[in-house]
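Reproduced below: start23.txt, with compact mmCIF, C-alpha atoms.
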# COMPACT_ATOMS: atom_id res chain seq x y z
CA MET O 1 0.00 0.00 0.00
CA THR O 2 1.29 3.44 -0.93
CA GLN O 3 1.77 5.57 2.17
CA LYS O 4 0.25 9.05 1.94
CA THR O 5 0.64 12.33 3.75
CA CYS O 6 -2.87 13.14 4.95
CA PHE O 7 -3.93 16.59 6.13
CA LEU O 8 -7.03 16.73 8.34
CA ILE O 9 -8.72 20.09 7.81
CA GLY O 10 -11.57 20.90 10.15
CA ALA O 11 -14.26 22.87 8.35
CA PRO O 12 -17.04 23.55 10.89
CA VAL O 13 -19.27 25.07 8.21
CA ASP O 14 -22.83 25.46 9.51
CA SER O 15 -23.98 28.25 7.22
CA GLY O 16 -25.20 26.13 4.30
CA LYS O 17 -28.57 25.37 5.89
CA ARG O 18 -30.82 26.54 8.68
CA ARG O 19 -30.64 23.46 10.91
CA SER O 20 -27.56 23.83 13.08
CA GLY O 21 -25.24 21.13 14.37
CA CYS O 22 -22.72 20.37 11.61
CA LEU O 23 -20.21 22.73 13.19
CA MET O 24 -19.57 19.91 15.68
CA GLY O 25 -18.68 17.48 12.91
CA PRO O 26 -14.89 17.95 12.73
CA ASP O 27 -14.38 17.23 16.41
CA ALA O 28 -16.73 14.25 16.23
CA PHE O 29 -14.56 12.75 13.49
CA ARG O 30 -11.51 13.28 15.66
CA THR O 31 -13.20 11.77 18.70
CA ALA O 32 -14.22 8.76 16.61
CA GLY O 33 -10.53 8.15 15.92
CA LEU O 34 -10.01 9.24 12.33
CA GLY O 35 -6.40 10.34 12.83
CA GLU O 36 -5.51 7.16 14.69
CA ALA O 37 -7.18 4.98 12.07
CA LEU O 38 -5.16 6.53 9.26
CA SER O 39 -1.86 6.57 11.11
CA GLY O 40 -2.51 2.94 12.04
CA LEU O 41 -2.54 2.18 8.32
CA GLY O 42 0.92 3.69 8.00
CA HIS O 43 -0.06 7.09 6.66
CA GLU O 44 1.50 10.30 7.93
CA VAL O 45 -1.29 12.38 9.45
CA THR O 46 -1.15 16.10 10.20
CA ASP O 47 -4.17 17.71 11.82
CA LEU O 48 -4.36 21.36 10.81
CA GLY O 49 -7.11 22.12 13.30
CA ASN O 50 -10.34 23.93 12.52
CA LEU O 51 -10.55 26.74 9.97
CA SER O 52 -12.47 29.97 10.30
CA PRO O 53 -14.17 31.78 7.43
CA ALA O 54 -12.36 34.63 5.71
CA PRO O 55 -13.50 38.12 6.78
CA HIS O 56 -16.96 38.86 5.43
CA ASP O 57 -19.82 41.31 5.78
CA PRO O 58 -22.49 40.41 8.34
CA ASP O 59 -25.54 38.66 7.02
CA VAL O 60 -28.96 40.28 7.13
CA GLU O 61 -31.50 38.32 9.11
CA GLY O 62 -34.46 37.08 7.09
CA SER O 63 -32.69 37.15 3.71
CA ALA O 64 -33.95 34.74 1.06
CA ILE O 65 -30.50 33.14 0.89
CA PHE O 66 -29.42 31.93 4.31
CA ALA O 67 -26.01 33.12 5.59
CA LEU O 68 -24.77 34.15 2.13
CA ASN O 69 -21.84 36.28 3.28
CA GLU O 70 -20.64 33.77 5.86
CA THR O 71 -20.70 31.05 3.21
CA ILE O 72 -18.69 33.27 0.86
CA GLY O 73 -16.15 33.67 3.67
CA TRP O 74 -15.93 29.91 4.12
CA THR O 75 -15.56 29.41 0.37
CA SER O 76 -12.58 31.77 0.20
CA ALA O 77 -10.83 30.18 3.19
CA LEU O 78 -11.37 26.61 2.01
CA ALA O 79 -10.32 27.28 -1.58
CA SER O 80 -7.05 28.75 -0.37
CA ILE O 81 -6.10 25.90 1.98
CA ALA O 82 -7.25 23.28 -0.52
CA GLN O 83 -4.89 24.56 -3.20
CA HIS O 84 -2.05 24.88 -0.67
CA THR O 85 -2.33 21.40 0.85
CA MET O 86 -2.82 19.60 -2.47
CA ALA O 87 0.80 20.41 -3.27
CA LYS O 88 1.91 18.54 -0.15
CA GLY O 89 -0.39 15.55 0.20
CA LEU O 90 -4.01 14.41 0.46
CA PRO O 91 -6.34 16.90 2.15
CA ILE O 92 -9.34 15.48 4.02
CA PHE O 93 -11.96 18.12 4.75
CA LEU O 94 -13.92 17.37 7.92
CA GLY O 95 -17.36 18.92 7.67
CA GLY O 96 -19.35 20.78 8.31
CA ASP O 97 -22.25 20.90 5.87
CA HIS O 98 -21.90 20.38 2.13
CA ALA O 99 -21.43 24.09 1.47
CA LEU O 100 -17.78 23.42 2.33
CA SER O 101 -17.41 21.86 -1.15
CA LEU O 102 -17.98 25.28 -2.70
CA GLY O 103 -14.43 26.02 -1.53
CA SER O 104 -12.71 22.64 -1.34
CA VAL O 105 -13.44 21.64 -4.94
CA VAL O 106 -12.63 25.05 -6.41
CA GLY O 107 -9.29 25.07 -4.60
CA VAL O 108 -8.47 21.56 -5.73
CA ALA O 109 -9.46 22.50 -9.30
CA ASP O 110 -7.09 25.46 -9.20
CA TYR O 111 -4.28 23.16 -8.09
CA ALA O 112 -5.10 20.64 -10.83
CA ALA O 113 -4.93 23.41 -13.44
CA SER O 114 -1.58 24.57 -12.07
CA VAL O 115 -0.04 21.13 -12.66
CA GLY O 116 -1.76 20.61 -16.02
CA ARG O 117 -4.02 17.73 -15.02
CA PRO O 118 -7.82 17.45 -15.27
CA LEU O 119 -9.93 17.24 -12.12
CA PHE O 120 -12.68 14.66 -11.71
CA VAL O 121 -15.27 14.69 -8.91
CA LEU O 122 -17.10 11.70 -7.44
CA TRP O 123 -20.24 12.96 -5.68
CA LEU O 124 -21.64 10.39 -3.21
CA ASP O 125 -24.90 11.95 -2.10
CA ALA O 126 -28.69 11.58 -2.03
CA HIS O 127 -28.89 15.03 -3.63
CA THR O 128 -27.37 16.55 -6.75
CA ASP O 129 -26.53 19.92 -5.09
CA PHE O 130 -26.74 21.41 -8.61
CA HIS O 131 -28.79 24.46 -7.64
CA THR O 132 -27.74 28.09 -7.93
CA PRO O 133 -28.73 30.82 -5.46
CA GLN O 134 -31.42 31.79 -7.98
CA SER O 135 -32.93 28.33 -8.43
CA THR O 136 -33.03 27.13 -4.82
CA ASP O 137 -36.43 27.37 -3.12
CA SER O 138 -34.99 26.68 0.33
CA GLY O 139 -32.28 29.34 0.18
CA ASN O 140 -29.84 26.82 1.63
CA LEU O 141 -26.45 27.01 -0.04
CA HIS O 142 -25.43 23.44 0.81
CA GLY O 143 -27.54 22.57 -2.23
CA THR O 144 -25.39 24.60 -4.64
CA PRO O 145 -21.73 23.43 -4.70
CA VAL O 146 -21.89 21.36 -7.89
CA GLY O 147 -23.58 24.26 -9.66
CA TYR O 148 -20.80 26.54 -8.46
CA PHE O 149 -17.73 24.48 -9.25
CA THR O 150 -19.02 23.49 -12.70
CA GLY O 151 -19.39 27.17 -13.58
CA ARG O 152 -23.13 27.82 -13.52
CA ASP O 153 -24.16 31.48 -13.43
CA GLY O 154 -25.76 33.20 -10.46
CA PHE O 155 -23.07 33.15 -7.79
CA GLU O 156 -22.55 36.89 -7.48
CA GLY O 157 -20.25 37.80 -4.61
CA PHE O 158 -18.51 34.43 -4.54
CA PRO O 159 -14.87 34.07 -5.63
CA LYS O 160 -14.62 33.70 -9.38
CA VAL O 161 -14.35 30.09 -10.52
CA ALA O 162 -11.22 30.28 -12.63
CA ASN O 163 -11.09 26.57 -13.44
CA PRO O 164 -14.60 25.12 -13.58
CA VAL O 165 -14.82 21.33 -13.47
CA PRO O 166 -16.14 20.05 -16.82
CA GLN O 167 -19.58 18.55 -16.35
CA GLU O 168 -18.54 15.29 -17.98
CA ASN O 169 -15.87 14.94 -15.27
CA VAL O 170 -18.49 14.73 -12.50
CA CYS O 171 -20.10 11.44 -11.47
CA MET O 172 -22.96 11.31 -8.98
CA ILE O 173 -23.86 8.06 -7.24
CA GLY O 174 -26.67 7.47 -4.75
CA LEU O 175 -29.23 10.06 -5.93
CA ARG O 176 -32.77 9.72 -4.59
CA SER O 177 -33.97 13.23 -3.71
CA VAL O 178 -33.92 15.59 -6.70
CA ASP O 179 -36.39 18.44 -7.15
CA THR O 180 -37.76 19.53 -10.52
CA PRO O 181 -35.42 22.49 -11.27
CA GLU O 182 -32.39 20.32 -10.44
CA ARG O 183 -33.68 17.42 -12.50
CA LEU O 184 -34.27 19.60 -15.57
CA ALA O 185 -30.84 21.24 -15.23
CA LEU O 186 -29.16 17.88 -14.72
CA GLU O 187 -30.88 16.31 -17.71
CA ALA O 188 -29.55 19.15 -19.87
CA SER O 189 -26.03 18.64 -18.53
CA ASP O 190 -23.23 16.16 -19.25
CA ILE O 191 -22.93 15.09 -15.60
CA ARG O 192 -22.89 11.32 -15.13
CA ARG O 193 -25.55 10.34 -12.63
CA HIS O 194 -26.71 7.11 -11.04
CA ASP O 195 -29.76 7.07 -8.80
CA MET O 196 -30.61 4.29 -6.37
CA ARG O 197 -32.86 2.54 -8.88
CA ASP O 198 -29.86 2.25 -11.19
CA ILE O 199 -27.83 0.89 -8.27
CA ASP O 200 -30.59 -1.57 -7.34
CA GLU O 201 -30.88 -2.84 -10.91
CA ASN O 202 -27.21 -2.88 -11.95
CA GLY O 203 -25.12 -2.73 -8.79
CA ILE O 204 -22.76 -0.04 -7.58
CA ALA O 205 -19.45 -1.44 -8.81
CA GLY O 206 -20.02 -1.10 -12.56
CA PRO O 207 -20.77 2.64 -12.75
CA LEU O 208 -17.92 3.42 -10.38
CA ALA O 209 -15.43 1.23 -12.23
CA ARG O 210 -16.26 2.91 -15.54
CA PHE O 211 -15.79 6.35 -14.01
CA LEU O 212 -12.49 5.41 -12.40
CA ASP O 213 -11.28 4.07 -15.75
CA ARG O 214 -11.98 7.49 -17.27
CA VAL O 215 -10.02 9.23 -14.53
CA ALA O 216 -7.06 6.89 -15.03
CA GLU O 217 -7.10 7.26 -18.83
CA ALA O 218 -7.01 11.05 -18.50
CA ASN O 219 -4.27 11.01 -15.82
CA GLY O 220 -6.71 12.98 -13.72
CA LEU O 221 -6.86 14.01 -10.10
CA LEU O 222 -9.90 12.70 -8.23
CA HIS O 223 -11.81 14.58 -5.55
CA VAL O 224 -14.33 12.49 -3.60
CA SER O 225 -17.18 14.16 -1.73
CA LEU O 226 -18.93 11.81 0.71
CA ASP O 227 -22.17 13.06 2.25
CA VAL O 228 -23.58 11.19 5.25
CA ASP O 229 -26.93 11.00 3.46
CA PHE O 230 -25.37 8.85 0.73
CA LEU O 231 -25.92 6.14 3.35
CA ASP O 232 -29.29 4.83 4.42
CA PRO O 233 -30.45 6.66 7.58
CA SER O 234 -31.01 3.31 9.30
CA VAL O 235 -27.21 2.96 9.50
CA ALA O 236 -26.24 6.66 9.51
CA PRO O 237 -28.86 8.73 11.35
CA ALA O 238 -26.70 11.78 12.13
CA VAL O 239 -27.78 13.97 9.22
CA GLY O 240 -30.42 16.65 8.90
CA THR O 241 -31.40 15.61 5.36
CA THR O 242 -32.37 11.96 5.87
CA VAL O 243 -33.71 10.21 2.77
CA PRO O 244 -34.68 6.53 3.08
CA GLY O 245 -33.35 4.02 0.59
CA GLY O 246 -29.66 4.93 0.64
CA ALA O 247 -26.53 2.86 0.25
CA THR O 248 -25.94 -0.03 2.60
CA VAL O 249 -22.83 -0.33 4.75
CA ARG O 250 -21.50 -3.01 2.42
CA GLU O 251 -22.14 -0.94 -0.74
CA ALA O 252 -20.41 2.07 0.83
CA HIS O 253 -17.39 -0.01 1.85
CA LEU O 254 -17.19 -1.47 -1.66
CA VAL O 255 -17.05 2.05 -3.11
CA CYS O 256 -14.28 3.01 -0.71
CA GLU O 257 -12.31 -0.20 -1.27
CA MET O 258 -12.51 0.36 -5.03
CA LEU O 259 -11.25 3.90 -4.54
CA HIS O 260 -8.25 2.57 -2.67
CA ASP O 261 -7.59 -0.14 -5.25
CA SER O 262 -7.61 2.49 -8.00
CA GLY O 263 -5.02 4.65 -6.24
CA LEU O 264 -6.69 7.69 -7.82
CA MET O 265 -8.21 9.64 -4.92
CA THR O 266 -6.27 12.85 -4.25
CA SER O 267 -8.66 14.74 -1.93
CA LEU O 268 -11.74 13.97 0.15
CA ASP O 269 -14.73 15.70 1.76
CA LEU O 270 -16.57 14.12 4.71
CA VAL O 271 -19.72 16.21 5.09
CA GLU O 272 -23.11 16.74 6.73
CA LEU O 273 -22.32 14.89 9.97
CA ASN O 274 -24.53 16.39 12.67
CA PRO O 275 -23.40 14.80 15.97
CA PHE O 276 -26.45 16.28 17.73
CA LEU O 277 -28.55 13.76 15.78
CA ASP O 278 -26.25 10.77 16.22
CA GLU O 279 -26.69 7.66 18.36
CA ARG O 280 -23.62 7.24 20.60
CA GLY O 281 -21.28 8.23 17.78
CA ARG O 282 -22.60 5.52 15.46
CA THR O 283 -22.52 7.62 12.29
CA ALA O 284 -19.17 9.21 13.05
CA HIS O 285 -17.58 5.78 13.57
CA LEU O 286 -19.05 4.49 10.30
CA MET O 287 -17.73 7.49 8.37
CA VAL O 288 -14.28 6.95 9.93
CA ASP O 289 -14.43 3.28 8.89
CA LEU O 290 -15.31 4.29 5.32
CA CYS O 291 -12.45 6.79 5.17
CA ALA O 292 -10.10 4.09 6.42
CA SER O 293 -11.36 1.72 3.70
CA ALA O 294 -10.66 4.37 1.08
CA LEU O 295 -7.12 4.60 2.40
CA GLY O 296 -6.31 0.92 2.59
CA ARG O 297 -8.04 -0.83 5.45
CA ARG O 298 -9.20 -4.33 4.59
CA VAL O 299 -11.88 -6.41 6.29
CA PHE O 300 -9.31 -8.82 7.67
CA ASP O 301 -7.38 -5.94 9.22
CA ARG O 302 -10.15 -5.45 11.75
CA PRO O 303 -10.76 -7.63 14.80
CA THR O 304 -14.23 -9.13 14.99
CA ARG O 305 -16.36 -8.54 18.05
CA SER O 306 -16.64 -11.42 20.46
CA TYR O 307 -19.99 -12.18 22.07
CA ASN O 308 -18.65 -14.93 24.35
Could you write out this file's structure as structure tokens?
Amino acid sequence: MTQKTCFLIGAPVDSGKRRSGCLMGPDAFRTAGLGEALSGLGHEVTDLGNLSPAPHDPDVEGSAIFALNETIGWTSALASIAQHTMAKGLPIFLGGDHALSLGSVVGVADYAASVGRPLFVLWLDAHTDFHTPQSTDSGNLHGTPVGYFTGRDGFEGFPKVANPVPQENVCMIGLRSVDTPERLALEASDIRRHDMRDIDENGIAGPLARFLDRVAEANGLLHVSLDVDFLDPSVAPAVGTTVPGGATVREAHLVCEMLHDSGLMTSLDLVELNPFLDERGRTAHLMVDLCASALGRRVFDRPTRSYN
């Protein structure tokens, strides 16, 4: 197994939606043993602590878009550290809600452009997050990062996206909650998408393998964004956007094991963990296990529980 230099970047972003709690996510990942799990696999782990948003104007209460200026501040801070750490190793962004990907992916894309390689994004999520601030009914910006980093219009005030990710370089797996404006926009796009019916009928390995082959053929960098609600809420309850019918534990581990086998993943988001909604750290521990699988843990590496 190739040893990596992993940077843990706490991103306690809680501005992407109105239900609070994700700001506790980074410390929950740490408490669940993420650093120890990765160092136990032989990786060098550096914890950079928790970020703060860049300076920003105060938000006006009651605005149609929730916490717009704070989210712009987070986007600037995350884009900067993403580009910086990519040059040194594998950044792992500990969320925080999915608005953190507004910054993490843009920063990674800027780094990819600087080294002359294409960026690909694997989006593991129940939602497409392909809205813009104009199309979202909820006004919650955690539903907009894919729209932003692929270069859709309507993000006034946000940092300019200098290197948008080509739509055909984005693959979404696990979709099962898509509203009409997103569906119409997605159908008109070149984004590769696989909803849970597709997974039920054809399995999860085939679509992922085909996407990873494309990344390898292009000598691309691969950013993976793993939302807690990719998983079924029966196994991962600590998320404010629960949608029944998600991936099983085994399907999620298969995805992560395939990512490790490919050797292609160069950056990772772990998002939407709300410890306030968890059951004795159950979801945080599962997300740590999945991250460890993506970085080389095998089933036989783990002791089985004894009931004697």
Quiz item: Counting only C-alpha atoms, what is within 9 Å of O:Asn169, bar same-chain residues fewer than 5 positions away, as a list in words?
Solution: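 In the requested format, the answer is Pro118, Leu119, Phe120, Val121, Leu122, Asp190, Ile191, Arg192, Phe211, Arg214 and Val215 of chain O.
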Practice problem: Using all atoms listed in the file, pick whichever of O:Arg250, O:Gly206, O:Leu90, O:Ala54 has the shortest atom-to-atom distance to O:Ala77. | Solution: O:Ala54
Exercise. Identify the residues within 6 Å of coordinate (-16.6, 13.9, 2.0) (same frame as the file), considering only C-alpha atoms, and give the answer as a ChimeraX atom specification.
Key: /O:225-227,268-271
Exercise. Give me, please, the distance in Å between atom CA of O:Arg152 and atom CA of O:Val106, quoted to one decimal.
Key: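 Going from atom CA of O:Arg152 over to atom CA of O:Val106, I get 13.0 Å.
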Quiz item: Can you tell me, as JSON, numbers by chain, which residues sit within 12 Å of (-16.6, 35.5, -6.5) in the file's frame, using all atoms listed in the file?
Solution: {"O": [68, 69, 71, 72, 73, 75, 76, 79, 102, 103, 106, 148, 149, 151, 153, 154, 155, 156, 157, 158, 159, 160, 161, 162]}
Quiz item: Which one of O:Val105, O:Leu94, O:Ile9, O:Met196 sits closest to O:Phe230 if you count only C-alpha atoms?
Solution: O:Met196
Spatial neighbours of O:His98, 12 Å, only C-alpha atoms, chain gap at least 5 places, as a PDB file with C-alpha atoms, in the coordinates of the input:
ATOM      1  CA  ALA O  11     -14.260  22.870   8.350  1.00  0.00           C
ATOM      2  CA  PRO O  12     -17.040  23.550  10.890  1.00  0.00           C
ATOM      3  CA  VAL O  13     -19.270  25.070   8.210  1.00  0.00           C
ATOM      4  CA  ASP O  14     -22.830  25.460   9.510  1.00  0.00           C
ATOM      5  CA  SER O  15     -23.980  28.250   7.220  1.00  0.00           C
ATOM      6  CA  GLY O  16     -25.200  26.130   4.300  1.00  0.00           C
ATOM      7  CA  LYS O  17     -28.570  25.370   5.890  1.00  0.00           C
ATOM      8  CA  CYS O  22     -22.720  20.370  11.610  1.00  0.00           C
ATOM      9  CA  LEU O  23     -20.210  22.730  13.190  1.00  0.00           C
ATOM     10  CA  GLY O  25     -18.680  17.480  12.910  1.00  0.00           C
ATOM     11  CA  THR O  71     -20.700  31.050   3.210  1.00  0.00           C
ATOM     12  CA  TRP O  74     -15.930  29.910   4.120  1.00  0.00           C
ATOM     13  CA  THR O  75     -15.560  29.410   0.370  1.00  0.00           C
ATOM     14  CA  PHE O  93     -11.960  18.120   4.750  1.00  0.00           C
ATOM     15  CA  GLY O 103     -14.430  26.020  -1.530  1.00  0.00           C
ATOM     16  CA  SER O 104     -12.710  22.640  -1.340  1.00  0.00           C
ATOM     17  CA  VAL O 105     -13.440  21.640  -4.940  1.00  0.00           C
ATOM     18  CA  TRP O 123     -20.240  12.960  -5.680  1.00  0.00           C
ATOM     19  CA  LEU O 124     -21.640  10.390  -3.210  1.00  0.00           C
ATOM     20  CA  ASP O 125     -24.900  11.950  -2.100  1.00  0.00           C
ATOM     21  CA  ALA O 126     -28.690  11.580  -2.030  1.00  0.00           C
ATOM     22  CA  HIS O 127     -28.890  15.030  -3.630  1.00  0.00           C
ATOM     23  CA  THR O 128     -27.370  16.550  -6.750  1.00  0.00           C
ATOM     24  CA  ASP O 129     -26.530  19.920  -5.090  1.00  0.00           C
ATOM     25  CA  PHE O 130     -26.740  21.410  -8.610  1.00  0.00           C
ATOM     26  CA  ASN O 140     -29.840  26.820   1.630  1.00  0.00           C
ATOM     27  CA  LEU O 141     -26.450  27.010  -0.040  1.00  0.00           C
ATOM     28  CA  HIS O 142     -25.430  23.440   0.810  1.00  0.00           C
ATOM     29  CA  GLY O 143     -27.540  22.570  -2.230  1.00  0.00           C
ATOM     30  CA  THR O 144     -25.390  24.600  -4.640  1.00  0.00           C
ATOM     31  CA  PRO O 145     -21.730  23.430  -4.700  1.00  0.00           C
ATOM     32  CA  VAL O 146     -21.890  21.360  -7.890  1.00  0.00           C
ATOM     33  CA  SER O 225     -17.180  14.160  -1.730  1.00  0.00           C
ATOM     34  CA  LEU O 226     -18.930  11.810   0.710  1.00  0.00           C
ATOM     35  CA  ASP O 227     -22.170  13.060   2.250  1.00  0.00           C
ATOM     36  CA  VAL O 228     -23.580  11.190   5.250  1.00  0.00           C
ATOM     37  CA  ASP O 229     -26.930  11.000   3.460  1.00  0.00           C
ATOM     38  CA  VAL O 239     -27.780  13.970   9.220  1.00  0.00           C
ATOM     39  CA  GLY O 240     -30.420  16.650   8.900  1.00  0.00           C
ATOM     40  CA  THR O 241     -31.400  15.610   5.360  1.00  0.00           C
ATOM     41  CA  ASP O 269     -14.730  15.700   1.760  1.00  0.00           C
ATOM     42  CA  LEU O 270     -16.570  14.120   4.710  1.00  0.00           C
ATOM     43  CA  VAL O 271     -19.720  16.210   5.090  1.00  0.00           C
ATOM     44  CA  GLU O 272     -23.110  16.740   6.730  1.00  0.00           C
ATOM     45  CA  LEU O 273     -22.320  14.890   9.970  1.00  0.00           C
ATOM     46  CA  ASN O 274     -24.530  16.390  12.670  1.00  0.00           C
TER      47      ASN O 274
END
Practice problem: Go ahead and compute the interatomic distance for atom CA of O:His223 and atom CA of O:Ala238, in Å to one decimal. | Solution: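 Atom CA of O:Ala238 lies at a distance of 23.3 Å from atom CA of O:His223.
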Quiz prompt | Interatomic distance (Å, one decimal) between atom CA of O:Arg197 and atom CA of O:Pro237 | solution = 21.5 Å
Self-check item: Counting all atoms listed in the file, the option among O:Cys171, O:Leu259, O:Val288, O:Ala218 closest to O:Ser189
Solution: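 Distance minimum relative to O:Ser189 lands on O:Cys171.
Across O:Thr132, O:Thr46, O:Ser262, O:Thr150, the tightest approach to O:Glu168 is made by O:Thr150 when counting all atoms listed in the file.
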Each residue of stretch 197-283 of chain O lying at most 12 Å from stretch 31-42 of chain O should get a row with its shortest atom-to-atom pair and the distance in Å to one decimal, counting only C-alpha atoms; could you produce that, ordered by chain and increasing number, as a tab-separated table?
residue	atom	partner	partner_atom	distance
O:Leu270	CA	O:Leu34	CA	11.2
O:Pro275	CA	O:Thr31	CA	11.0
O:Arg280	CA	O:Ala32	CA	10.3
O:Gly281	CA	O:Ala32	CA	7.2
O:Arg282	CA	O:Ala32	CA	9.1
O:Thr283	CA	O:Ala32	CA	9.4
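Closest approach to O:Cys6 from the set O:Ile92, O:Leu286, O:Leu78, O:Met172 is made by O:Ile92, with distances taken over all atoms listed in the file.
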Practice problem: Considering only C-alpha atoms, state which residue in the set O:Leu277, O:Leu100, O:Cys291, O:His285 is at the smallest distance from O:Ser20. | Solution: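 Answer, going by the shortest atom-to-atom distance: O:Leu277.
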Residue neighbourhood O:Pro207, 12 Å, all atoms listed in the file, exclusion window fewer than 3 positions, as a PDB file with C-alpha atoms, in the frame of the given file:
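Printed below is result_26.pdb as written:
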ATOM      1  CA  LEU O 122     -17.100  11.700  -7.440  1.00  0.00           C
ATOM      2  CA  CYS O 171     -20.100  11.440 -11.470  1.00  0.00           C
ATOM      3  CA  MET O 172     -22.960  11.310  -8.980  1.00  0.00           C
ATOM      4  CA  ILE O 173     -23.860   8.060  -7.240  1.00  0.00           C
ATOM      5  CA  GLY O 174     -26.670   7.470  -4.750  1.00  0.00           C
ATOM      6  CA  ARG O 192     -22.890  11.320 -15.130  1.00  0.00           C
ATOM      7  CA  ARG O 193     -25.550  10.340 -12.630  1.00  0.00           C
ATOM      8  CA  HIS O 194     -26.710   7.110 -11.040  1.00  0.00           C
ATOM      9  CA  ASP O 195     -29.760   7.070  -8.800  1.00  0.00           C
ATOM     10  CA  MET O 196     -30.610   4.290  -6.370  1.00  0.00           C
ATOM     11  CA  ASP O 198     -29.860   2.250 -11.190  1.00  0.00           C
ATOM     12  CA  ILE O 199     -27.830   0.890  -8.270  1.00  0.00           C
ATOM     13  CA  ASP O 200     -30.590  -1.570  -7.340  1.00  0.00           C
ATOM     14  CA  GLU O 201     -30.880  -2.840 -10.910  1.00  0.00           C
ATOM     15  CA  ASN O 202     -27.210  -2.880 -11.950  1.00  0.00           C
ATOM     16  CA  GLY O 203     -25.120  -2.730  -8.790  1.00  0.00           C
ATOM     17  CA  ILE O 204     -22.760  -0.040  -7.580  1.00  0.00           C
ATOM     18  CA  ARG O 210     -16.260   2.910 -15.540  1.00  0.00           C
ATOM     19  CA  PHE O 211     -15.790   6.350 -14.010  1.00  0.00           C
ATOM     20  CA  LEU O 212     -12.490   5.410 -12.400  1.00  0.00           C
ATOM     21  CA  ASP O 213     -11.280   4.070 -15.750  1.00  0.00           C
ATOM     22  CA  ARG O 214     -11.980   7.490 -17.270  1.00  0.00           C
ATOM     23  CA  VAL O 255     -17.050   2.050  -3.110  1.00  0.00           C
ATOM     24  CA  MET O 258     -12.510   0.360  -5.030  1.00  0.00           C
TER      25      MET O 258
END
Quiz item: What lies within 9 Å of O:His253 using all atoms listed in the file, ignoring chain neighbours under 6 positions off, as a list of chain:residue names?
Solution: O:Asp289, O:Leu290, O:Ser293, O:Ala294
Who sits within 9 Å of O:Thr2, all atoms listed in the file, same chain under 3 positions skipped, as a PDB file with C-alpha atoms, in the frame of the given file:
ATOM      1  CA  GLY O  42       0.920   3.690   8.000  1.00  0.00           C
ATOM      2  CA  HIS O  43      -0.060   7.090   6.660  1.00  0.00           C
ATOM      3  CA  GLY O 263      -5.020   4.650  -6.240  1.00  0.00           C
ATOM      4  CA  GLY O 296      -6.310   0.920   2.590  1.00  0.00           C
TER       5      GLY O 296
END
Need a file for stretch 206-215 of chain O from that block: N, CA, C and O atoms, written as a PDB file, in the first residue's frame.
ATOM      1  N   GLY O 206     -20.187  -1.379 -11.135  1.00  0.00           N
ATOM      2  CA  GLY O 206     -20.020  -1.104 -12.563  1.00  0.00           C
ATOM      3  C   GLY O 206     -19.902   0.377 -12.881  1.00  0.00           C
ATOM      4  O   GLY O 206     -18.929   0.804 -13.535  1.00  0.00           O
ATOM      5  N   PRO O 207     -20.872   1.209 -12.454  1.00  0.00           N
ATOM      6  CA  PRO O 207     -20.766   2.640 -12.748  1.00  0.00           C
ATOM      7  C   PRO O 207     -19.498   3.270 -12.183  1.00  0.00           C
ATOM      8  O   PRO O 207     -18.865   4.099 -12.835  1.00  0.00           O
ATOM      9  N   LEU O 208     -19.120   2.861 -10.979  1.00  0.00           N
ATOM     10  CA  LEU O 208     -17.917   3.420 -10.377  1.00  0.00           C
ATOM     11  C   LEU O 208     -16.675   2.990 -11.135  1.00  0.00           C
ATOM     12  O   LEU O 208     -15.786   3.813 -11.406  1.00  0.00           O
ATOM     13  N   ALA O 209     -16.601   1.727 -11.504  1.00  0.00           N
ATOM     14  CA  ALA O 209     -15.425   1.232 -12.228  1.00  0.00           C
ATOM     15  C   ALA O 209     -15.250   1.967 -13.554  1.00  0.00           C
ATOM     16  O   ALA O 209     -14.131   2.338 -13.931  1.00  0.00           O
ATOM     17  N   ARG O 210     -16.354   2.206 -14.251  1.00  0.00           N
ATOM     18  CA  ARG O 210     -16.262   2.909 -15.545  1.00  0.00           C
ATOM     19  C   ARG O 210     -15.769   4.342 -15.346  1.00  0.00           C
ATOM     20  O   ARG O 210     -14.975   4.850 -16.137  1.00  0.00           O
ATOM     21  N   PHE O 211     -16.241   4.989 -14.283  1.00  0.00           N
ATOM     22  CA  PHE O 211     -15.792   6.354 -14.014  1.00  0.00           C
ATOM     23  C   PHE O 211     -14.314   6.370 -13.641  1.00  0.00           C
ATOM     24  O   PHE O 211     -13.546   7.207 -14.139  1.00  0.00           O
ATOM     25  N   LEU O 212     -13.895   5.449 -12.802  1.00  0.00           N
ATOM     26  CA  LEU O 212     -12.488   5.409 -12.399  1.00  0.00           C
ATOM     27  C   LEU O 212     -11.588   5.116 -13.598  1.00  0.00           C
ATOM     28  O   LEU O 212     -10.469   5.650 -13.681  1.00  0.00           O
ATOM     29  N   ASP O 213     -12.059   4.317 -14.527  1.00  0.00           N
ATOM     30  CA  ASP O 213     -11.280   4.067 -15.747  1.00  0.00           C
ATOM     31  C   ASP O 213     -11.073   5.364 -16.523  1.00  0.00           C
ATOM     32  O   ASP O 213      -9.980   5.610 -17.060  1.00  0.00           O
ATOM     33  N   ARG O 214     -12.105   6.210 -16.567  1.00  0.00           N
ATOM     34  CA  ARG O 214     -11.980   7.494 -17.275  1.00  0.00           C
ATOM     35  C   ARG O 214     -10.963   8.391 -16.593  1.00  0.00           C
ATOM     36  O   ARG O 214     -10.173   9.072 -17.251  1.00  0.00           O
ATOM     37  N   VAL O 215     -10.990   8.413 -15.265  1.00  0.00           N
ATOM     38  CA  VAL O 215     -10.023   9.226 -14.525  1.00  0.00           C
ATOM     39  C   VAL O 215      -8.604   8.760 -14.824  1.00  0.00           C
ATOM     40  O   VAL O 215      -7.701   9.568 -15.096  1.00  0.00           O
TER      41      VAL O 215
END
